[in-house]
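Data from start.pdb: PDB, C-alpha atoms
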```pdb
ATOM      1  CA  MET A 209       0.000   0.000   0.000
ATOM      2  CA  GLU A 210       1.307   3.432  -0.965
ATOM      3  CA  THR A 211       2.070   5.696   1.976
ATOM      4  CA  ILE A 212       0.949   9.248   1.349
ATOM      5  CA  LYS A 213       3.116  11.753   3.145
ATOM      6  CA  LYS A 214       1.272  14.696   4.617
ATOM      7  CA  ILE A 215       2.367  18.047   3.223
ATOM      8  CA  ASN A 216       3.488  20.592   5.801
ATOM      9  CA  ILE A 217       2.609  24.195   5.071
ATOM     10  CA  GLY A 218       4.366  27.387   6.053
ATOM     11  CA  ILE A 219       2.502  30.687   5.699
ATOM     12  CA  LYS A 220       4.058  34.131   5.951
ATOM     13  CA  HIS A 221       2.012  37.331   5.827
ATOM     14  CA  ILE A 222       3.746  39.635   3.344
ATOM     15  CA  ALA A 223       1.501  42.689   3.121
ATOM     16  CA  THR A 224      -1.927  44.197   3.581
ATOM     17  CA  LEU A 225      -2.611  46.574   0.687
ATOM     18  CA  THR A 226      -5.075  49.422   1.187
ATOM     19  CA  GLY A 227      -6.654  51.823  -1.244
ATOM     20  CA  HIS A 228     -10.105  50.535  -2.075
ATOM     21  CA  SER A 229     -12.900  52.465  -0.381
ATOM     22  CA  GLY A 230     -15.464  49.683  -0.633
ATOM     23  CA  CYS A 231     -15.823  45.895  -0.643
ATOM     24  CA  VAL A 232     -13.451  44.168  -3.084
ATOM     25  CA  TYR A 233     -15.279  41.504  -5.085
ATOM     26  CA  ALA A 234     -13.144  40.862  -8.162
ATOM     27  CA  MET A 235      -9.530  40.022  -8.962
ATOM     28  CA  ASP A 236      -7.541  38.713 -11.916
ATOM     29  CA  LYS A 237      -3.948  38.334 -13.069
ATOM     30  CA  GLY A 238      -2.255  41.605 -13.925
ATOM     31  CA  ILE A 239      -0.212  42.933 -16.825
ATOM     32  CA  SER A 240       2.824  40.931 -15.657
ATOM     33  CA  ASP A 241       3.332  37.853 -13.455
ATOM     34  CA  ASN A 242       3.968  40.075 -10.442
ATOM     35  CA  THR A 243       0.784  42.159 -10.684
ATOM     36  CA  VAL A 244      -2.946  41.689 -10.025
ATOM     37  CA  PHE A 245      -6.050  43.691 -10.890
ATOM     38  CA  THR A 246      -8.722  44.236  -8.218
ATOM     39  CA  ALA A 247     -12.144  45.868  -8.292
ATOM     40  CA  GLY A 248     -15.284  46.217  -6.209
ATOM     41  CA  SER A 249     -18.071  48.364  -4.848
ATOM     42  CA  ASP A 250     -16.063  51.605  -5.079
ATOM     43  CA  MET A 251     -16.377  51.316  -8.902
ATOM     44  CA  PHE A 252     -12.592  51.440  -9.394
ATOM     45  CA  ILE A 253     -10.157  48.939 -10.875
ATOM     46  CA  ALA A 254      -6.678  49.012  -9.319
ATOM     47  CA  LEU A 255      -3.413  47.339 -10.324
ATOM     48  CA  TRP A 256      -1.072  46.120  -7.581
ATOM     49  CA  ASN A 257       2.594  45.185  -7.823
ATOM     50  CA  LEU A 258       3.370  42.092  -5.719
ATOM     51  CA  GLU A 259       7.101  42.846  -5.637
ATOM     52  CA  THR A 260       7.009  46.497  -4.590
ATOM     53  CA  LEU A 261       3.735  45.883  -2.681
ATOM     54  CA  GLN A 262       2.405  49.171  -3.996
ATOM     55  CA  ALA A 263      -0.338  50.286  -6.353
ATOM     56  CA  GLU A 264       0.805  50.813  -9.932
ATOM     57  CA  LYS A 265       0.014  54.002 -11.842
ATOM     58  CA  PHE A 266      -3.184  52.547 -13.222
ATOM     59  CA  SER A 267      -6.829  53.075 -12.378
ATOM     60  CA  ALA A 268     -10.125  52.775 -14.180
ATOM     61  CA  SER A 269     -13.399  54.279 -13.032
ATOM     62  CA  LEU A 270     -16.678  52.578 -13.902
ATOM     63  CA  PRO A 271     -20.308  53.701 -13.562
ATOM     64  CA  ALA A 272     -21.324  50.902 -11.185
ATOM     65  CA  ALA A 273     -19.895  48.435  -8.668
ATOM     66  CA  VAL A 274     -17.757  45.683 -10.241
ATOM     67  CA  TYR A 275     -18.411  41.996  -9.465
ATOM     68  CA  ALA A 276     -16.147  40.412 -12.104
ATOM     69  CA  ILE A 277     -13.019  41.287 -14.062
ATOM     70  CA  CYS A 278     -11.150  39.335 -16.731
ATOM     71  CA  HIS A 279      -7.739  40.257 -18.093
ATOM     72  CA  ILE A 280      -7.015  38.954 -21.596
ATOM     73  CA  PRO A 281      -3.267  39.597 -21.997
ATOM     74  CA  GLU A 282      -3.130  38.124 -25.505
ATOM     75  CA  LYS A 283      -5.532  40.871 -26.653
ATOM     76  CA  LYS A 284      -4.357  43.531 -24.178
ATOM     77  CA  LEU A 285      -7.938  43.853 -22.970
ATOM     78  CA  LEU A 286      -9.517  44.103 -19.537
ATOM     79  CA  LEU A 287     -13.199  43.196 -19.165
ATOM     80  CA  ALA A 288     -15.251  44.399 -16.215
ATOM     81  CA  GLY A 289     -18.751  43.208 -15.335
ATOM     82  CA  THR A 290     -20.903  45.451 -13.168
ATOM     83  CA  THR A 291     -23.931  45.175 -10.904
ATOM     84  CA  THR A 292     -26.124  46.646 -13.662
ATOM     85  CA  GLY A 293     -25.248  43.837 -16.086
ATOM     86  CA  SER A 294     -22.959  45.960 -18.254
ATOM     87  CA  ILE A 295     -19.625  44.615 -19.518
ATOM     88  CA  HIS A 296     -17.001  47.304 -20.074
ATOM     89  CA  ILE A 297     -14.117  46.479 -22.420
ATOM     90  CA  LEU A 298     -10.934  48.430 -21.728
ATOM     91  CA  ASP A 299      -8.010  48.602 -24.150
ATOM     92  CA  LEU A 300      -4.900  48.546 -21.945
ATOM     93  CA  GLU A 301      -2.664  49.975 -24.676
ATOM     94  CA  LYS A 302      -4.955  52.857 -25.562
ATOM     95  CA  LYS A 303      -5.894  53.243 -21.870
ATOM     96  CA  GLU A 304      -9.533  53.768 -22.737
ATOM     97  CA  GLU A 305     -12.872  51.984 -22.846
ATOM     98  CA  ILE A 306     -13.501  50.792 -26.388
ATOM     99  CA  LYS A 307     -16.861  49.071 -25.994
ATOM    100  CA  MET A 308     -19.711  48.448 -23.572
ATOM    101  CA  LEU A 309     -22.033  45.430 -23.849
ATOM    102  CA  GLN A 310     -25.443  45.300 -22.191
ATOM    103  CA  HIS A 311     -26.927  41.908 -23.016
ATOM    104  CA  HIS A 312     -27.429  41.016 -19.328
ATOM    105  CA  THR A 313     -30.105  42.656 -17.196
ATOM    106  CA  ALA A 314     -28.659  41.766 -13.778
ATOM    107  CA  PRO A 315     -25.166  41.680 -12.187
ATOM    108  CA  ILE A 316     -22.269  39.926 -13.933
ATOM    109  CA  PHE A 317     -20.830  37.325 -11.545
ATOM    110  CA  ASP A 318     -18.085  35.820 -13.703
ATOM    111  CA  ILE A 319     -16.195  36.414 -16.947
ATOM    112  CA  LYS A 320     -13.862  33.836 -18.487
ATOM    113  CA  TYR A 321     -12.149  33.607 -21.887
ATOM    114  CA  SER A 322     -10.795  30.817 -24.061
ATOM    115  CA  LEU A 323      -8.227  31.222 -26.829
ATOM    116  CA  GLU A 324      -9.196  27.750 -28.034
ATOM    117  CA  THR A 325     -12.683  28.938 -28.956
ATOM    118  CA  ASN A 326     -11.680  32.603 -29.426
ATOM    119  CA  CYS A 327     -14.577  33.592 -27.163
ATOM    120  CA  PHE A 328     -15.296  35.058 -23.769
ATOM    121  CA  TYR A 329     -18.139  33.906 -21.560
ATOM    122  CA  THR A 330     -20.252  35.781 -19.015
ATOM    123  CA  ALA A 331     -22.417  34.592 -16.116
ATOM    124  CA  GLY A 332     -25.370  36.770 -15.222
ATOM    125  CA  GLY A 333     -27.685  37.240 -12.286
ATOM    126  CA  ASP A 334     -30.495  37.153 -14.854
ATOM    127  CA  GLY A 335     -29.894  33.411 -15.270
ATOM    128  CA  ASN A 336     -28.254  33.879 -18.668
ATOM    129  CA  PHE A 337     -24.943  32.481 -19.907
ATOM    130  CA  ALA A 338     -23.526  34.479 -22.796
ATOM    131  CA  VAL A 339     -20.831  33.793 -25.396
ATOM    132  CA  CYS A 340     -19.034  36.662 -27.143
ATOM    133  CA  SER A 341     -16.407  36.805 -29.883
ATOM    134  CA  LEU A 342     -12.879  37.869 -28.953
ATOM    135  CA  ASP A 343     -12.487  39.260 -32.495
ATOM    136  CA  THR A 344     -15.615  41.374 -32.807
ATOM    137  CA  LEU A 345     -16.229  41.798 -29.040
ATOM    138  CA  SER A 346     -19.910  41.191 -29.694
ATOM    139  CA  LEU A 347     -22.535  38.687 -28.562
ATOM    140  CA  ILE A 348     -22.651  35.347 -30.393
ATOM    141  CA  LYS A 349     -25.089  33.363 -28.282
ATOM    142  CA  MET A 350     -27.141  33.667 -25.110
ATOM    143  CA  LYS A 351     -28.449  30.649 -23.201
ATOM    144  CA  LYS A 352     -31.047  30.918 -20.448
ATOM    145  CA  LEU A 353     -29.878  28.382 -17.857
ATOM    146  CA  SER A 354     -31.900  29.169 -14.760
ATOM    147  CA  LYS A 355     -34.451  31.390 -13.066
ATOM    148  CA  GLU A 356     -31.714  31.988 -10.508
ATOM    149  CA  LYS A 357     -28.213  33.445 -10.905
ATOM    150  CA  VAL A 358     -25.441  32.006 -13.036
ATOM    151  CA  ARG A 359     -22.488  32.282 -10.645
ATOM    152  CA  SER A 360     -19.290  30.719 -12.008
ATOM    153  CA  ILE A 361     -17.653  29.310 -15.170
ATOM    154  CA  ASP A 362     -14.616  27.075 -15.686
ATOM    155  CA  PHE A 363     -13.020  25.145 -18.562
ATOM    156  CA  ASN A 364     -11.613  21.641 -18.785
ATOM    157  CA  TYR A 365      -9.347  21.513 -21.838
ATOM    158  CA  THR A 366      -8.582  17.824 -21.264
ATOM    159  CA  THR A 367     -12.207  16.887 -21.952
ATOM    160  CA  SER A 368     -13.231  20.050 -23.886
ATOM    161  CA  GLU A 369     -15.954  20.964 -21.409
ATOM    162  CA  ILE A 370     -17.357  24.027 -19.688
ATOM    163  CA  ALA A 371     -18.858  23.745 -16.199
ATOM    164  CA  VAL A 372     -21.286  26.362 -14.895
ATOM    165  CA  ALA A 373     -22.536  26.872 -11.319
ATOM    166  CA  LEU A 374     -26.114  28.011 -10.789
ATOM    167  CA  GLY A 375     -27.952  29.671  -7.943
ATOM    168  CA  ASP A 376     -30.658  26.975  -8.156
ATOM    169  CA  CYS A 377     -28.083  24.467  -6.775
ATOM    170  CA  ASN A 378     -27.336  22.817 -10.129
ATOM    171  CA  ILE A 379     -24.074  22.359 -12.003
ATOM    172  CA  LEU A 380     -24.300  22.196 -15.799
ATOM    173  CA  VAL A 381     -21.623  20.822 -18.142
ATOM    174  CA  PHE A 382     -21.441  21.720 -21.846
ATOM    175  CA  ASP A 383     -19.193  20.824 -24.751
ATOM    176  CA  LEU A 384     -16.594  23.587 -25.061
ATOM    177  CA  HIS A 385     -16.837  23.911 -28.837
ATOM    178  CA  THR A 386     -20.500  23.220 -29.609
ATOM    179  CA  LEU A 387     -22.097  24.232 -26.289
ATOM    180  CA  ASP A 388     -24.149  21.047 -26.535
ATOM    181  CA  TYR A 389     -25.506  19.963 -23.171
ATOM    182  CA  LYS A 390     -23.589  17.032 -21.640
ATOM    183  CA  LYS A 391     -24.503  16.722 -17.969
ATOM    184  CA  ASP A 392     -26.390  18.362 -15.133
ATOM    185  CA  PHE A 393     -26.501  17.472 -11.468
ATOM    186  CA  ILE A 394     -27.393  18.989  -8.112
ATOM    187  CA  GLY A 395     -24.132  20.426  -6.846
ATOM    188  CA  HIS A 396     -25.150  21.665  -3.411
ATOM    189  CA  GLY A 397     -27.994  21.825  -0.909
ATOM    190  CA  LEU A 398     -28.092  25.588  -1.402
ATOM    191  CA  ALA A 399     -26.818  27.723  -4.305
ATOM    192  CA  SER A 400     -23.767  26.464  -6.191
ATOM    193  CA  ASN A 401     -21.308  29.373  -6.121
ATOM    194  CA  VAL A 402     -18.068  28.257  -7.755
ATOM    195  CA  VAL A 403     -16.764  25.574 -10.144
ATOM    196  CA  ARG A 404     -13.064  24.792 -10.554
ATOM    197  CA  TYR A 405     -11.499  21.954 -12.558
ATOM    198  CA  SER A 406      -8.284  20.451 -11.227
ATOM    199  CA  PRO A 407      -5.282  21.277 -13.467
ATOM    200  CA  ASP A 408      -5.038  17.644 -14.628
ATOM    201  CA  GLY A 409      -8.697  17.720 -15.682
ATOM    202  CA  LYS A 410      -9.659  14.688 -13.577
ATOM    203  CA  PHE A 411     -11.789  16.381 -10.925
ATOM    204  CA  LEU A 412     -14.330  19.172 -10.655
ATOM    205  CA  LEU A 413     -14.302  21.007  -7.331
ATOM    206  CA  THR A 414     -17.384  22.992  -6.382
ATOM    207  CA  GLY A 415     -18.240  25.290  -3.501
ATOM    208  CA  GLY A 416     -21.713  26.237  -2.369
ATOM    209  CA  ARG A 417     -23.782  28.457  -0.181
ATOM    210  CA  ASP A 418     -24.171  25.350   1.986
ATOM    211  CA  ALA A 419     -20.461  25.785   2.946
ATOM    212  CA  HIS A 420     -19.579  22.386   1.454
ATOM    213  CA  LEU A 421     -16.622  21.632  -0.781
ATOM    214  CA  ASN A 422     -17.638  18.873  -3.187
ATOM    215  CA  ILE A 423     -15.273  16.769  -5.302
ATOM    216  CA  TRP A 424     -16.673  15.253  -8.517
ATOM    217  CA  GLN A 425     -15.117  12.683 -10.852
ATOM    218  CA  VAL A 426     -14.942  14.159 -14.340
ATOM    219  CA  GLY A 427     -16.710  11.981 -16.910
ATOM    220  CA  ASN A 428     -19.653  10.547 -15.018
ATOM    221  CA  TYR A 429     -19.478  13.368 -12.448
ATOM    222  CA  ASP A 430     -20.047  11.021  -9.543
ATOM    223  CA  LEU A 431     -19.612  12.676  -6.147
ATOM    224  CA  LEU A 432     -16.347  11.408  -4.651
ATOM    225  CA  LYS A 433     -16.307  13.509  -1.507
ATOM    226  CA  SER A 434     -18.437  16.109   0.235
ATOM    227  CA  ILE A 435     -16.601  18.125   2.881
ATOM    228  CA  PRO A 436     -18.273  20.557   5.321
ATOM    229  CA  ALA A 437     -15.343  22.880   4.641
ATOM    230  CA  HIS A 438     -16.505  26.218   6.040
ATOM    231  CA  ASN A 439     -19.066  27.759   8.356
ATOM    232  CA  TRP A 440     -20.633  29.838   5.604
ATOM    233  CA  ALA A 441     -20.780  30.092   1.814
ATOM    234  CA  ILE A 442     -17.690  29.238  -0.259
ATOM    235  CA  TYR A 443     -16.947  31.956  -2.819
ATOM    236  CA  ASP A 444     -13.741  30.858  -4.540
ATOM    237  CA  ILE A 445     -11.376  27.918  -5.145
ATOM    238  CA  VAL A 446      -7.858  28.248  -6.606
ATOM    239  CA  PHE A 447      -4.995  25.816  -7.231
ATOM    240  CA  SER A 448      -1.345  26.519  -6.472
ATOM    241  CA  PRO A 449       0.975  27.004  -9.476
ATOM    242  CA  ASP A 450       2.456  23.511  -9.012
ATOM    243  CA  ALA A 451      -1.053  22.004  -8.560
ATOM    244  CA  THR A 452      -0.147  20.284  -5.256
ATOM    245  CA  LEU A 453      -2.414  22.520  -3.153
ATOM    246  CA  PHE A 454      -5.640  24.433  -3.465
ATOM    247  CA  ALA A 455      -7.286  27.116  -1.370
ATOM    248  CA  THR A 456     -10.902  27.962  -0.588
ATOM    249  CA  ALA A 457     -12.320  31.364   0.372
ATOM    250  CA  SER A 458     -15.495  31.862   2.358
ATOM    251  CA  ARG A 459     -17.999  34.333   3.661
ATOM    252  CA  ASP A 460     -17.011  33.020   7.117
ATOM    253  CA  LYS A 461     -13.882  35.282   6.847
ATOM    254  CA  THR A 462     -11.450  32.366   6.494
ATOM    255  CA  ILE A 463      -9.172  30.895   3.854
ATOM    256  CA  LYS A 464      -8.360  27.198   3.986
ATOM    257  CA  ILE A 465      -5.494  25.396   2.254
ATOM    258  CA  TRP A 466      -5.911  21.785   1.141
ATOM    259  CA  ASP A 467      -3.829  18.931  -0.228
ATOM    260  CA  ALA A 468      -4.845  18.592  -3.905
ATOM    261  CA  LYS A 469      -4.125  14.842  -3.924
ATOM    262  CA  THR A 470      -5.805  13.715  -0.691
ATOM    263  CA  PHE A 471      -8.248  16.643  -0.254
ATOM    264  CA  GLN A 472      -7.121  16.887   3.381
ATOM    265  CA  LEU A 473      -7.225  20.221   5.173
ATOM    266  CA  LEU A 474      -3.705  21.513   5.829
ATOM    267  CA  LYS A 475      -4.122  25.045   7.163
ATOM    268  CA  ARG A 476      -6.851  27.416   8.297
ATOM    269  CA  ILE A 477      -6.134  31.134   7.914
ATOM    270  CA  THR A 478      -8.227  33.159  10.365
ATOM    271  CA  LYS A 479      -7.964  36.443  12.246
ATOM    272  CA  GLU A 480      -7.169  34.431  15.381
ATOM    273  CA  ASN A 481      -4.025  32.754  14.052
ATOM    274  CA  PHE A 482      -2.860  34.987  11.176
ATOM    275  CA  ASP A 483      -3.200  38.483   9.774
ATOM    276  CA  ALA A 484      -6.486  37.768   8.025
ATOM    277  CA  HIS A 485      -9.676  39.322   6.768
ATOM    278  CA  THR A 486     -12.274  40.644   9.191
ATOM    279  CA  HIS A 487     -15.147  40.179   6.726
ATOM    280  CA  SER A 488     -16.113  37.886   3.840
ATOM    281  CA  VAL A 489     -13.240  36.646   1.644
ATOM    282  CA  ASN A 490     -14.467  36.983  -1.931
ATOM    283  CA  LYS A 491     -11.678  36.117  -4.364
ATOM    284  CA  LEU A 492      -8.276  34.414  -4.478
ATOM    285  CA  ILE A 493      -5.310  34.320  -6.857
ATOM    286  CA  TRP A 494      -2.336  32.021  -6.369
ATOM    287  CA  SER A 495       0.408  33.927  -8.131
ATOM    288  CA  THR A 496       3.596  32.491  -9.610
ATOM    289  CA  CYS A 497       5.308  35.556  -8.126
ATOM    290  CA  ASN A 498       7.004  34.136  -4.999
ATOM    291  CA  ASN A 499       4.155  31.611  -4.649
ATOM    292  CA  TYR A 500       2.007  34.388  -3.215
ATOM    293  CA  LEU A 501      -1.619  33.688  -2.322
ATOM    294  CA  VAL A 502      -3.544  36.939  -2.760
ATOM    295  CA  SER A 503      -7.011  37.490  -1.285
ATOM    296  CA  VAL A 504      -9.606  40.269  -1.310
ATOM    297  CA  GLY A 505     -12.673  40.821   0.811
ATOM    298  CA  ASP A 506     -15.510  42.916   2.123
ATOM    299  CA  ASP A 507     -13.065  44.622   4.523
ATOM    300  CA  ARG A 508     -11.693  46.568   1.491
ATOM    301  CA  LEU A 509      -8.298  44.906   1.834
ATOM    302  CA  VAL A 510      -5.937  43.103  -0.529
ATOM    303  CA  MET A 511      -3.816  40.606   1.434
ATOM    304  CA  VAL A 512      -0.630  38.943   0.226
ATOM    305  CA  ARG A 513       0.801  35.753   1.797
ATOM    306  CA  GLU A 514       3.699  33.528   0.901
ATOM    307  CA  VAL A 515       2.816  29.827   1.041
ATOM    308  CA  ASN A 516       5.542  27.202   1.207
ATOM    309  CA  SER A 517       5.181  23.450   1.415
ATOM    310  CA  PHE A 518       7.817  21.076   2.804
TER     311      PHE A 518
END
```

Could you quickly redo this structure as structure tokens?
Amino acid sequence: METIKKINIGIKHIATLTGHSGCVYAMDKGISDNTVFTAGSDMFIALWNLETLQAEKFSASLPAAVYAICHIPEKKLLLAGTTTGSIHILDLEKKEEIKMLQHHTAPIFDIKYSLETNCFYTAGGDGNFAVCSLDTLSLIKMKKLSKEKVRSIDFNYTTSEIAVALGDCNILVFDLHTLDYKKDFIGHGLASNVVRYSPDGKFLLTGGRDAHLNIWQVGNYDLLKSIPAHNWAIYDIVFSPDATLFATASRDKTIKIWDAKTFQLLKRITKENFDAHTHSVNKLIWSTCNNYLVSVGDDRLVMVREVNSF
């Protein structure tokens, strides 16, 4: 029998970055490996440097609170989805907004893009899932998926699938290229908030309003494990750059770090044992810059931690 060695984790708080005047809901990779974009209820997008631990000379003001941002470095574009359902497309070279789309009628909760399909995808609070062209930056197709919110999107390039989390508890899986329906299943006892495929494409991890972390086998999507991971809703799941770990963020103000092979809990980051958020943790990025785990929350803060395993 194979003996699985438990991974030991070391966490060092690097910085708490301030500047946002409202809750921070959105984050994505920045212009370089050592930067991240953040945005939230103050209607501003900021760019932070993870090496200098300062804000870069970049800011964008939007007409409404921002729930989702998506940086497309290959096109030098930054997409921002607001609470009014508008999607603002910013040209990072021209430093100006070049287009605004309004095909959703409720907040945008997620934006993802795929070079393989040359499209970007948006999840709306109106229950609609939209597909837009990266060439024309215009709507190609809109699918009504639910009477509740569409919350999260992720791709599995191993199986050419898209998974979508819905506020009605369901998870839907579509073919990446045709958008043909492939599978649907009840993901959680309450709203399904986030979907995240493992980097090897073998598992789908989901987090729900029921505070459970669920592990699904890709293919038949059988439930392999259901973990009561948090005390409140799970809002995000991210894998480490080397895919050995993943982290979950929750409305319960905590971040938890897990072994990606055994799904065992390794570390709990709370205000009691670390410099941590005092309110809901909304978004995570695990940067290749110094293996930094970056988090944002309702406390208006951007927190940077170094995570080492040994």

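Across A:Leu384, A:Val358, A:Leu431, A:Ala263, the tightest approach to Ser400 in chain A is made by A:Val358 when counting only C-alpha atoms.
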
Write out as a PyMOL selection string the residues lying within 8 Å of Lys491 in chain A, counting only C-alpha atoms and excluding same-chain residues fewer than 4 positions away. chain A and resi 233-235+443-444+457+503-505

Need to verify the contact set: Asp250 in chain A, 10 Å, only C-alpha atoms, exclusion of same-chain residues closer than 4 positions in sequence. Can you return it as a PyMOL selection string? chain A and resi 228-232+269-274+508

Using C-alpha atoms, can you export the residues from the last selection as a PDB file, keeping the file's coordinate frame?
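Done, and the output landed in out-v2.pdb:
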```
ATOM      1  CA  HIS A 228     -10.105  50.535  -2.075  1.00  0.00           C
ATOM      2  CA  SER A 229     -12.900  52.465  -0.381  1.00  0.00           C
ATOM      3  CA  GLY A 230     -15.464  49.683  -0.633  1.00  0.00           C
ATOM      4  CA  CYS A 231     -15.823  45.895  -0.643  1.00  0.00           C
ATOM      5  CA  VAL A 232     -13.451  44.168  -3.084  1.00  0.00           C
ATOM      6  CA  SER A 269     -13.399  54.279 -13.032  1.00  0.00           C
ATOM      7  CA  LEU A 270     -16.678  52.578 -13.902  1.00  0.00           C
ATOM      8  CA  PRO A 271     -20.308  53.701 -13.562  1.00  0.00           C
ATOM      9  CA  ALA A 272     -21.324  50.902 -11.185  1.00  0.00           C
ATOM     10  CA  ALA A 273     -19.895  48.435  -8.668  1.00  0.00           C
ATOM     11  CA  VAL A 274     -17.757  45.683 -10.241  1.00  0.00           C
ATOM     12  CA  ARG A 508     -11.693  46.568   1.491  1.00  0.00           C
TER      13      ARG A 508
END
```

Residues near range 393-396 of chain A, anyone? I mean within 12 Å using all atoms listed in the file, not counting same-chain ones fewer than 5 positions away, as a PyMOL selection string. chain A and resi 371-381+401-403+412-424+428-431+433-436+441-442

Polymer residues at most 6 Å from Arg459 in chain A, all atoms listed in the file, same-chain spacing of 5 or more positions, as a PyMOL selection string: chain A and resi 440-441+488-489

Counting all atoms listed in the file, figure out which residue out of A:Asn326, A:Thr366, A:Ser267, A:Ser458 gets nearest to Asp343 in chain A.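 Closest to Asp343 in chain A, using all atoms listed in the file: A:Asn326.
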
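Across the model, the gap from CA of Thr386 in chain A to CA of Thr291 in chain A is 29.0 Å.
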
What's around Thr462 in chain A at 9 Å? Count only C-alpha atoms, leave out sequence neighbours fewer than 4 positions away in its own chain, and write the answer as a PDB file with C-alpha atoms, in the frame of the given file.
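Written file, out.pdb:
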```
ATOM      1  CA  HIS A 438     -16.505  26.218   6.040  1.00  0.00           C
ATOM      2  CA  THR A 456     -10.902  27.962  -0.588  1.00  0.00           C
ATOM      3  CA  ALA A 457     -12.320  31.364   0.372  1.00  0.00           C
ATOM      4  CA  SER A 458     -15.495  31.862   2.358  1.00  0.00           C
ATOM      5  CA  ARG A 476      -6.851  27.416   8.297  1.00  0.00           C
ATOM      6  CA  ILE A 477      -6.134  31.134   7.914  1.00  0.00           C
ATOM      7  CA  THR A 478      -8.227  33.159  10.365  1.00  0.00           C
ATOM      8  CA  LYS A 479      -7.964  36.443  12.246  1.00  0.00           C
ATOM      9  CA  ALA A 484      -6.486  37.768   8.025  1.00  0.00           C
ATOM     10  CA  HIS A 485      -9.676  39.322   6.768  1.00  0.00           C
ATOM     11  CA  THR A 486     -12.274  40.644   9.191  1.00  0.00           C
ATOM     12  CA  HIS A 487     -15.147  40.179   6.726  1.00  0.00           C
ATOM     13  CA  SER A 488     -16.113  37.886   3.840  1.00  0.00           C
ATOM     14  CA  VAL A 489     -13.240  36.646   1.644  1.00  0.00           C
TER      15      VAL A 489
END
```

Name the residues that the PyMOL selection byres ((chain A and resi 225) around 7) picks from the file above, as an mmCIF file with C-alpha atoms, in the frame of the given file, using the file's chain letters and numbers.
```cif
data_model
loop_
_atom_site.group_PDB
_atom_site.id
_atom_site.type_symbol
_atom_site.label_atom_id
_atom_site.label_comp_id
_atom_site.auth_asym_id
_atom_site.auth_seq_id
_atom_site.Cartn_x
_atom_site.Cartn_y
_atom_site.Cartn_z
ATOM 1 C CA ALA A 223 1.501 42.689 3.121
ATOM 2 C CA THR A 224 -1.927 44.197 3.581
ATOM 3 C CA THR A 226 -5.075 49.422 1.187
ATOM 4 C CA GLY A 227 -6.654 51.823 -1.244
ATOM 5 C CA LEU A 509 -8.298 44.906 1.834
ATOM 6 C CA VAL A 510 -5.937 43.103 -0.529
ATOM 7 C CA MET A 511 -3.816 40.606 1.434
#
```

In file coordinates, which residues lie within 9 Å of (-25.7, 15.1, -20.6) using only C-alpha atoms, given as a PyMOL selection string? chain A and resi 380-382+388-392

Could you write those residues out with C-alpha atoms, as a compact mmCIF listing (two decimals), in the coordinates of the input?
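What ended up in again.txt:
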```txt
# COMPACT_ATOMS: atom_id res chain seq x y z
CA LEU A 380 -24.30 22.20 -15.80
CA VAL A 381 -21.62 20.82 -18.14
CA PHE A 382 -21.44 21.72 -21.85
CA ASP A 388 -24.15 21.05 -26.54
CA TYR A 389 -25.51 19.96 -23.17
CA LYS A 390 -23.59 17.03 -21.64
CA LYS A 391 -24.50 16.72 -17.97
CA ASP A 392 -26.39 18.36 -15.13
```

Which residues, named as in the file, does the PyMOL selection byres ((chain A and resi 306-310) around 6) pick out? Answer as number ranges by chain. A: 294-298, 305, 311-312

Test item: the PyMOL selection byres ((chain A and resi 365) around 10) resolved as a ChimeraX atom specification: /A:322,324,362-364,366-370,384,405,407-409

Would you mind putting back N, CA and C atoms on range 353-362 of chain A, then writing it out as a PDB file, in the frame of the given file?
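Below is the file rebuild.pdb, written as the result:
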```
ATOM      1  N   LEU A 353     -30.176  29.618 -18.575  1.00  0.00           N
ATOM      2  CA  LEU A 353     -29.878  28.382 -17.857  1.00  0.00           C
ATOM      3  C   LEU A 353     -30.714  28.190 -16.603  1.00  0.00           C
ATOM      4  N   SER A 354     -31.220  29.291 -16.050  1.00  0.00           N
ATOM      5  CA  SER A 354     -31.900  29.169 -14.760  1.00  0.00           C
ATOM      6  C   SER A 354     -32.751  30.400 -14.486  1.00  0.00           C
ATOM      7  N   LYS A 355     -33.718  30.231 -13.584  1.00  0.00           N
ATOM      8  CA  LYS A 355     -34.451  31.390 -13.066  1.00  0.00           C
ATOM      9  C   LYS A 355     -33.634  32.098 -11.985  1.00  0.00           C
ATOM     10  N   GLU A 356     -32.604  31.407 -11.512  1.00  0.00           N
ATOM     11  CA  GLU A 356     -31.714  31.988 -10.508  1.00  0.00           C
ATOM     12  C   GLU A 356     -30.430  32.483 -11.185  1.00  0.00           C
ATOM     13  N   LYS A 357     -29.460  32.880 -10.388  1.00  0.00           N
ATOM     14  CA  LYS A 357     -28.213  33.445 -10.905  1.00  0.00           C
ATOM     15  C   LYS A 357     -27.334  32.375 -11.547  1.00  0.00           C
ATOM     16  N   VAL A 358     -26.572  32.792 -12.561  1.00  0.00           N
ATOM     17  CA  VAL A 358     -25.441  32.006 -13.036  1.00  0.00           C
ATOM     18  C   VAL A 358     -24.217  32.585 -12.330  1.00  0.00           C
ATOM     19  N   ARG A 359     -23.481  31.757 -11.570  1.00  0.00           N
ATOM     20  CA  ARG A 359     -22.488  32.282 -10.645  1.00  0.00           C
ATOM     21  C   ARG A 359     -21.034  32.110 -11.088  1.00  0.00           C
ATOM     22  N   SER A 360     -20.705  31.016 -11.775  1.00  0.00           N
ATOM     23  CA  SER A 360     -19.290  30.719 -12.008  1.00  0.00           C
ATOM     24  C   SER A 360     -19.128  29.849 -13.248  1.00  0.00           C
ATOM     25  N   ILE A 361     -17.971  30.027 -13.921  1.00  0.00           N
ATOM     26  CA  ILE A 361     -17.653  29.310 -15.170  1.00  0.00           C
ATOM     27  C   ILE A 361     -16.233  28.774 -15.061  1.00  0.00           C
ATOM     28  N   ASP A 362     -15.994  27.554 -15.561  1.00  0.00           N
ATOM     29  CA  ASP A 362     -14.616  27.075 -15.686  1.00  0.00           C
ATOM     30  C   ASP A 362     -14.512  26.103 -16.852  1.00  0.00           C
TER      31      ASP A 362
END
```
